[in-house]
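Pasting run36.txt here (compact mmCIF, C-alpha atoms):
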# COMPACT_ATOMS: atom_id res chain seq x y z
CA MET A 321 -20.45 52.98 30.13
CA ASN A 322 -24.13 52.35 30.44
CA LEU A 323 -25.72 49.16 31.71
CA LEU A 324 -26.80 47.92 28.24
CA ASN A 325 -23.23 48.13 26.86
CA ARG A 326 -21.86 46.19 29.87
CA GLN A 327 -24.40 43.39 29.37
CA PHE A 328 -23.63 43.26 25.63
CA LEU A 329 -19.88 43.13 26.33
CA PHE A 330 -20.33 40.42 28.97
CA CYS A 331 -22.51 38.26 26.64
CA THR A 332 -20.03 38.70 23.77
CA MET A 333 -17.12 37.57 25.98
CA ILE A 334 -19.05 34.49 27.14
CA CYS A 335 -19.87 33.55 23.50
CA VAL A 336 -16.24 33.97 22.41
CA PHE A 337 -15.06 31.84 25.32
CA ALA A 338 -17.61 29.09 24.57
CA VAL A 339 -16.75 28.96 20.86
CA SER A 340 -12.98 28.91 21.42
CA CYS A 341 -13.09 26.09 23.96
CA GLY A 342 -15.39 23.69 22.15
CA GLN A 343 -18.22 21.91 23.86
CA PHE A 344 -18.38 21.95 27.63
CA GLY A 345 -18.04 18.64 29.43
CA ASP A 346 -16.80 16.60 26.46
CA GLY A 347 -13.95 15.23 28.60
CA LYS A 348 -11.30 15.86 25.94
CA PRO A 349 -8.34 18.12 26.54
CA HIS A 350 -8.67 21.29 24.52
CA HIS A 351 -6.23 22.17 21.74
CA LYS A 352 -4.43 18.82 21.94
CA PRO A 353 -4.81 16.45 18.98
CA VAL A 354 -5.88 12.94 19.79
CA SER A 355 -3.23 10.62 18.37
CA ALA A 356 -3.93 7.06 17.36
CA ALA A 357 -1.61 4.25 18.30
CA PRO A 358 1.18 3.88 15.73
CA VAL A 359 0.57 1.25 13.05
CA ASP A 360 3.23 -1.46 12.74
CA LYS A 361 4.11 -1.53 9.02
CA THR A 362 6.26 -4.64 9.47
CA VAL A 363 2.98 -6.57 9.60
CA VAL A 364 2.84 -6.23 5.79
CA GLN A 365 6.47 -5.46 4.84
CA PRO A 366 7.49 -8.16 2.34
CA ASP A 367 10.63 -10.22 2.83
CA ILE A 368 13.11 -10.82 0.03
CA PHE A 369 13.18 -14.36 -1.38
CA GLU A 370 15.21 -15.94 -4.18
CA VAL A 371 13.29 -19.02 -5.31
CA ALA A 372 9.62 -18.78 -6.18
CA PRO A 373 7.39 -21.81 -5.47
CA ASN A 374 6.49 -24.27 -8.25
CA LYS A 375 2.94 -22.84 -8.35
CA ILE A 376 4.38 -19.80 -10.16
CA ALA A 377 5.50 -21.83 -13.21
CA GLY A 378 4.30 -20.65 -16.64
CA CYS A 379 3.36 -17.07 -17.48
CA SER A 380 4.55 -15.04 -14.55
CA GLY A 381 5.69 -11.70 -13.20
CA LEU A 382 8.66 -11.30 -10.86
CA TYR A 383 9.09 -8.05 -8.92
CA MET A 384 11.81 -6.58 -6.71
CA TYR A 385 12.44 -3.37 -4.80
CA ASP A 386 13.25 -0.61 -7.29
CA SER A 387 15.99 0.56 -4.91
CA LEU A 388 17.93 -2.70 -5.32
CA MET A 389 20.63 -2.15 -7.90
CA THR A 390 19.91 -5.50 -9.54
CA SER A 391 19.80 -5.84 -13.30
CA TYR A 392 16.82 -7.42 -15.02
CA ASP A 393 19.15 -10.19 -16.25
CA ASN A 394 19.57 -11.40 -12.67
CA LEU A 395 15.82 -11.86 -12.17
CA ASP A 396 14.45 -15.35 -12.74
CA VAL A 397 12.05 -17.72 -10.96
CA ASP A 398 15.03 -19.62 -9.53
CA LYS A 399 17.44 -16.73 -8.88
CA GLY A 400 17.54 -13.06 -8.02
CA LYS A 401 16.11 -11.12 -5.09
CA LYS A 402 12.33 -10.78 -5.34
CA ILE A 403 9.53 -9.54 -3.09
CA LEU A 404 6.59 -10.66 -5.26
CA ALA A 405 6.04 -13.46 -7.75
CA VAL A 406 2.81 -13.54 -9.75
CA LYS A 407 1.28 -16.24 -11.92
CA THR A 408 -0.49 -14.03 -14.46
CA GLU A 409 -4.11 -13.33 -13.48
CA SER A 410 -4.17 -16.31 -11.11
CA LEU A 411 -2.18 -15.99 -7.88
CA ALA A 412 0.56 -14.05 -6.16
CA TYR A 413 3.26 -15.18 -3.76
CA LEU A 414 5.20 -13.19 -1.20
CA LYS A 415 6.86 -13.73 2.15
CA ILE A 416 5.94 -11.74 5.22
CA LYS A 417 7.85 -12.24 8.45
CA GLY A 418 9.31 -15.48 7.04
CA LYS A 419 5.91 -17.01 6.22
CA ASP A 420 4.74 -17.95 2.73
CA VAL A 421 1.66 -15.97 1.68
CA PHE A 422 -0.43 -16.92 -1.37
CA LEU A 423 -3.03 -14.48 -2.66
CA THR A 424 -5.67 -15.02 -5.34
CA TYR A 425 -6.35 -12.69 -8.26
CA ASP A 426 -9.35 -10.38 -7.83
CA LYS A 427 -10.61 -9.85 -11.39
CA ALA A 428 -13.40 -7.44 -10.36
CA SER A 429 -10.91 -4.96 -8.82
CA SER A 430 -8.23 -5.35 -11.51
CA GLY A 431 -7.89 -3.89 -14.99
CA LEU A 432 -6.51 -1.02 -17.03
CA MET A 433 -6.43 2.39 -15.39
CA SER A 434 -7.27 5.68 -17.12
CA ASP A 435 -3.56 6.61 -17.32
CA GLY A 436 -2.76 3.39 -19.22
CA ASN A 437 -1.19 1.58 -16.26
CA LYS A 438 -2.31 -1.93 -15.39
CA LYS A 439 -3.76 -2.60 -11.94
CA GLU A 440 -3.69 -6.15 -10.54
CA VAL A 441 -5.33 -6.86 -7.18
CA TYR A 442 -4.62 -10.01 -5.17
CA LYS A 443 -6.33 -10.97 -1.90
CA GLY A 444 -6.11 -13.64 0.77
CA ALA A 445 -5.36 -14.25 4.46
CA GLY A 446 -6.67 -10.77 5.29
CA ILE A 447 -4.03 -9.22 3.03
CA THR A 448 -4.61 -7.16 -0.10
CA ALA A 449 -1.81 -6.54 -2.58
CA VAL A 450 -2.34 -3.93 -5.31
CA LEU A 451 0.20 -4.01 -8.11
CA VAL A 452 0.17 -0.96 -10.42
CA ILE A 453 2.56 -1.45 -13.33
CA GLN A 454 3.54 0.14 -16.59
CA GLU A 455 5.60 -1.29 -19.41
CA ILE A 456 9.13 0.10 -19.63
CA GLY A 457 10.38 -2.03 -22.50
CA ALA A 458 10.09 -5.43 -24.15
CA GLU A 459 12.43 -8.02 -25.58
CA GLY A 460 10.75 -11.01 -27.21
CA GLU A 461 8.10 -12.36 -24.83
CA THR A 462 9.69 -10.65 -21.82
CA VAL A 463 8.37 -7.27 -20.68
CA ARG A 464 10.28 -4.96 -18.32
CA GLN A 465 7.93 -3.14 -15.94
CA GLY A 466 8.00 -0.50 -13.24
CA GLY A 467 5.41 0.72 -10.78
CA THR A 468 4.21 0.31 -7.22
CA LEU A 469 3.12 -2.47 -4.92
CA GLU A 470 0.78 -1.57 -2.07
CA ILE A 471 0.23 -4.22 0.60
CA SER A 472 -2.35 -3.78 3.35
CA LYS A 473 -3.74 -5.76 6.24
CA GLY A 474 -6.22 -3.97 8.48
CA LYS A 475 -4.81 -0.51 9.20
CA ALA A 476 -1.24 -1.53 8.35
CA LYS A 477 -0.24 -0.45 4.85
CA VAL A 478 3.00 -0.16 2.93
CA LYS A 479 3.59 1.19 -0.58
CA ILE A 480 6.75 0.16 -2.39
CA LYS A 481 8.28 1.30 -5.65
CA ILE A 482 9.03 -1.84 -7.68
CA LYS A 483 10.50 -3.03 -10.96
CA GLY A 484 10.18 -6.42 -12.57
CA LEU A 485 9.81 -8.74 -15.52
CA SER A 486 6.79 -10.56 -16.86
CA GLY A 487 6.29 -13.00 -19.68
CA CYS A 488 5.67 -16.60 -20.67
As structure tokens, what does this structure read like?
Amino acid sequence: MNLLNRQFLFCTMICVFAVSCGQFGDGKPHHKPVSAAPVDKTVVQPDIFEVAPNKIAGCSGLYMYDSLMTSYDNLDVDKGKKILAVKTESLAYLKIKGKDVFLTYDKASSGLMSDGNKKEVYKGAGITAVLVIQEIGAEGETVRQGGTLEISKGKAKVKIKIKGLSGC
């Protein structure tokens, strides 16, 4: 092997080594992902409540976990297991870690989505609740709905499949 081939081989090996190891002196261990601290989802996990506050009187929406095998007939302002109560386009109520949380309707972020679902956004106390619902059926002034509820506060976020009733 002549001297030129040895130098070329040596330079090629140095380049391969430098590229495979990342930048020199960056202080990070190589080939190990940097993991962030786990986010505590219980910060925004809603509690179940049975009686909605008087502020929710009038046209309202009442929502529960979809996984609860509760019939729509057992859902009322004064009875039934709920995780969210909404006074239509005004305010929302939920309980988090035993504390009452009231959120106000954000009209600018709410509206009809391209797929026909309705998006309602409520904010307050550093919490954002996004309710995405679609109509499943109607009986008189009462509308059965299904969809999702996403609650976030800072980096903590939880998305829940829900079902509920709305009407006046």
Go through A:Lys473, A:Lys407, A:Lys481, A:Lys417 and flag the residue nearest Ala445 in chain A, using all atoms listed in the file for the distances.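 Checking each of A:Lys473, A:Lys407, A:Lys481, A:Lys417 against Ala445 in chain A, counting all atoms listed in the file, the winner is A:Lys473.
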Selected residue, from A:Leu404, A:Val363, A:Leu382, A:Leu411, that lies nearest to Ile447 in chain A when counting all atoms listed in the file: A:Val363
Long-range neighbours of range 433-440 of chain A as a PyMOL selection string, 9 Å cut-off, all atoms listed in the file, 4 positions minimum in chain: chain A and resi 409+425-427+429+449-455+467
Selected residue, from A:Gly457, A:Gly400, A:Gly418, A:Gly381, that lies nearest to Gln365 in chain A when counting only C-alpha atoms: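 Distance minimum relative to Gln365 in chain A lands on A:Gly418.
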Select, from A:Tyr385, A:Leu469, A:Asp360, A:Val463, the residue with the minimum atom-to-atom distance to Ala412 in chain A, counting only C-alpha atoms.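 Going through A:Tyr385, A:Leu469, A:Asp360, A:Val463 one by one, the smallest distance to Ala412 in chain A is for A:Leu469.
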What does the distance from CA of Asn374 in chain A to CA of Ser410 in chain A come to in Å, to one decimal? 13.6 Å
Within 12 Å of (-4.7, -0.5, 0.5) (file coordinates; only C-alpha atoms), which protein or nucleic acid residues are there? I'd like them as number ranges by chain. A: 364, 441-443, 446-452, 468-480
Find the spatial neighbours of Ile403 in chain A, counting only C-alpha atoms, within a cut-off of 9 Å - ignore same-chain residues fewer than 4 positions away - and output them as a list of chain:residue names. A:Pro366, A:Asp367, A:Ile368, A:Phe369, A:Glu370, A:Leu382, A:Tyr383, A:Met384, A:Tyr385, A:Tyr413, A:Leu414, A:Lys415, A:Ile482
For CA of Leu432 in chain A and CA of Ile456 in chain A, quote the distance in Å rounded to one decimal.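 Between CA of Leu432 in chain A and CA of Ile456 in chain A the gap is 15.9 Å.
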Identify which of the residues A:Ser380, A:Gln465, A:Thr362, A:Ser387 lies closest to Cys488 in chain A, counting all atoms listed in the file when measuring atom-to-atom distances. A:Ser380
Find the residue from A:Lys399, A:Phe422, A:Ala405, A:Thr390 that sits nearest to Ala377 in chain A; use all atoms listed in the file when measuring.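 Counting all atoms listed in the file, the residue closest to Ala377 in chain A is A:Ala405.
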Listed atoms of range 370-386 of chain A, axis-aligned box, 3 Å per side: centre and edge lengths to one decimal in Å, as JSON?
{"center_x": 9.1, "center_y": -12.4, "center_z": -10.8, "size_x": 18.3, "size_y": 29.7, "size_z": 19.3}
CA of Glu459 in chain A to CA of Ser486 in chain A: how many Å, to one decimal?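 CA of Glu459 in chain A sits 10.7 Å away from CA of Ser486 in chain A.
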